[in-house]
Every structure is written in structure tokens, then in C-alpha cells.
file final.txt (compact mmCIF, C-alpha atoms)
# COMPACT_ATOMS: atom_id res chain seq x y z
CA ILE A 1 0.92 -15.25 -0.12
CA ALA A 2 -0.88 -17.96 -2.07
CA ARG A 3 -4.12 -17.50 -0.11
CA TYR A 4 -4.04 -13.76 -0.63
CA GLY A 5 -3.44 -14.32 -4.33
CA ARG A 6 -6.37 -16.72 -4.66
CA ALA A 7 -8.67 -14.33 -2.82
CA ILE A 8 -7.56 -11.37 -4.94
CA GLU A 9 -7.92 -13.24 -8.22
CA SER A 10 -11.28 -14.78 -7.29
CA GLY A 11 -13.18 -11.60 -8.06
CA ALA A 12 -15.41 -12.35 -5.08
CA LEU A 13 -14.07 -9.62 -2.77
CA SER A 14 -15.79 -6.30 -2.29
CA LYS A 15 -13.80 -3.20 -3.23
CA SER A 16 -13.03 -2.51 0.42
CA LEU A 17 -12.01 -6.07 1.22
CA LEU A 18 -9.89 -6.26 -1.93
CA ALA A 19 -8.00 -3.14 -0.79
CA VAL A 20 -7.40 -4.66 2.65
CA THR A 21 -6.24 -7.95 1.14
CA LEU A 22 -3.83 -6.15 -1.19
CA TYR A 23 -2.53 -4.11 1.77
CA ASN A 24 -1.98 -7.28 3.81
CA ARG A 25 -0.22 -9.09 0.97
CA GLY A 26 1.90 -6.00 0.28
CA THR A 27 2.95 -5.94 3.92
CA VAL A 28 3.99 -9.59 3.74
CA TYR A 29 5.91 -8.96 0.51
CA ALA A 30 7.70 -6.01 2.14
CA ARG A 31 8.71 -8.13 5.13
CA MET A 32 10.05 -10.77 2.74
CA GLY A 33 12.11 -8.16 0.89
CA ARG A 34 10.00 -8.46 -2.26
CA ASN A 35 9.74 -4.70 -2.48
CA ASP A 36 8.58 -4.36 -6.09
CA ALA A 37 5.66 -6.71 -5.40
CA ALA A 38 4.85 -4.80 -2.21
CA ILE A 39 4.84 -1.46 -4.03
CA ALA A 40 2.59 -2.92 -6.74
CA ASP A 41 0.07 -4.17 -4.16
CA PHE A 42 0.11 -0.90 -2.20
CA THR A 43 -0.37 1.06 -5.42
CA ARG A 44 -3.27 -1.12 -6.52
CA ALA A 45 -4.88 -0.82 -3.08
CA LEU A 46 -4.48 2.97 -3.20
CA ALA A 47 -6.50 3.03 -6.41
CA LEU A 48 -9.33 1.50 -4.39
CA ARG A 49 -8.81 3.51 -1.18
CA PRO A 50 -7.12 6.80 -2.11
CA LYS A 51 -7.64 8.31 1.36
CA ASP A 52 -5.91 5.50 3.27
CA ALA A 53 -2.93 7.03 5.05
CA ASP A 54 -1.48 3.64 6.04
CA LEU A 55 -1.21 2.65 2.39
CA TYR A 56 0.65 5.85 1.52
CA TYR A 57 2.94 5.42 4.50
CA ASN A 58 3.80 1.81 3.70
CA ARG A 59 4.36 2.49 0.01
CA CYS A 60 6.60 5.44 0.89
CA ALA A 61 8.57 3.34 3.40
CA THR A 62 9.01 0.60 0.81
CA TYR A 63 10.22 3.09 -1.81
CA LEU A 64 12.77 4.37 0.70
CA ARG A 65 13.88 0.82 1.51
CA VAL A 66 14.88 0.32 -2.12
CA LYS A 67 16.39 3.80 -2.32
CA ARG A 68 13.84 5.25 -4.71
CA ARG A 69 13.80 8.74 -3.26
CA ALA A 70 11.79 10.54 -5.96
CA PRO A 71 8.70 8.27 -5.70
CA ALA A 72 9.05 8.30 -1.92
CA ILE A 73 9.02 12.11 -1.81
CA PHE A 74 5.99 12.18 -4.10
CA ALA A 75 4.24 9.55 -1.95
CA GLU A 76 5.04 11.59 1.16
CA LYS A 77 3.42 14.69 -0.34
CA LEU A 78 0.28 12.64 -0.93
CA PHE A 79 0.47 10.96 2.48
CA PHE A 80 0.06 14.07 4.60
CA PRO A 81 -3.24 15.22 3.02
CA ALA A 82 -4.54 11.64 3.17
CA HIS A 83 -3.50 11.39 6.81
CA ARG A 84 -5.46 14.54 7.65
CA LEU A 85 -8.50 13.21 5.78
CA GLN A 86 -8.39 9.91 7.61
CA LEU A 87 -8.09 11.59 11.00
CA SER A 88 -11.01 13.88 10.33
CA VAL A 89 -13.40 11.02 9.53
call {"tool": "encode", "arguments": {"input": "final.txt", "output": "C-alpha cells"}}
result
Amino acid sequence: IARYGRAIESGALSKSLLAVTLYNRGTVYARMGRNDAAIADFTRALALRPKDADLYYNRCATYLRVKRRAPAIFAEKLFFPAHRLQLSV
């Protein structure tokens, strides 16, 4: 987590690499049960890569894990169009 944080805060990462680093840290947070931190990282990464279906999926799964159904349903509605976009690339 600390290495991800240093890399993210360094300002040296490209937009694409920053999104991947946020995704990776969010995944680690989710596995640790730090769901709010995971959702924050997935959301920030989505701002950088709005067509990334994996980000939508993981954010939706994390919302469901903490029983936040309304944001999960909204994330799911966004996930399916993103998933189609990613597959068509």
C-alpha cells in the first residue's frame, strides 16, 4: 500500500499508469476489507479511464460487499456499456 501511495502522490505517473496503480491499490484495499478506500481508488481511476469495464466491475462488487445497493445498481448500469466498449476495441 505504501509503495502505491508514494507512486500515486509522486506526480510522475502517466495518466494511464496512474489509473492502473489506483486500480491495483484499490484491489489490495478491497482484499483487506478497507472497502471505502477501495471504492475511492476505483472511482478516481474511473475518472482517468471511463471505459474500463474491470474498474466498474470491481467498484460495483465492492459496493455490494458493503451492502450499498443503490450505488452498485448505478455502477452496474454503467458497467455494461463500458464492457461492450472495451470488447469492441
call {"tool": "atom_distance", "arguments": {"input": "final.txt", "atom1": "atom CA of A:Thr43", "atom2": "atom CA of A:Lys15"}}
result
14.3 Å
call {"tool": "residues_around", "arguments": {"input": "final.txt", "residues": "stretch 22-35 of chain A", "least_positions_apart": "4", "cutoff": "6 Å", "atoms": "all atoms listed in the file", "output": "PyMOL selection string"}}
result
chain A and resi 41-42+45
call {"tool": "atom_distance", "arguments": {"input": "final.txt", "atom1": "atom CA of A:Ala7", "atom2": "atom CA of A:Pro50"}}
result
21.2 Å
call {"tool": "atom_distance", "arguments": {"input": "final.txt", "atom1": "atom CA of A:Val66", "atom2": "atom CA of A:Lys51"}}
result
24.1 Å
call {"tool": "axis_aligned_box", "arguments": {"input": "final.txt", "around": "stretch 17-22 of chain A", "padding_each_side": "6 Å", "output": "lines of an AutoDock Vina configuration file"}}
result
center_x = -7.9
center_y = -5.5
center_z = 0.4
size_x = 20.2
size_y = 16.8
size_z = 16.6
call {"tool": "closest_residue", "arguments": {"input": "final.txt", "among": "A:Leu48, A:Thr21, A:Arg59, A:Ala38", "to": "A:Arg3", "atoms": "only C-alpha atoms"}}
result
A:Thr21
call {"tool": "closest_residue", "arguments": {"input": "final.txt", "among": "A:Ala47, A:Leu13, A:Leu64, A:Ala37", "to": "A:Ile1", "atoms": "all atoms listed in the file"}}
result
A:Ala37
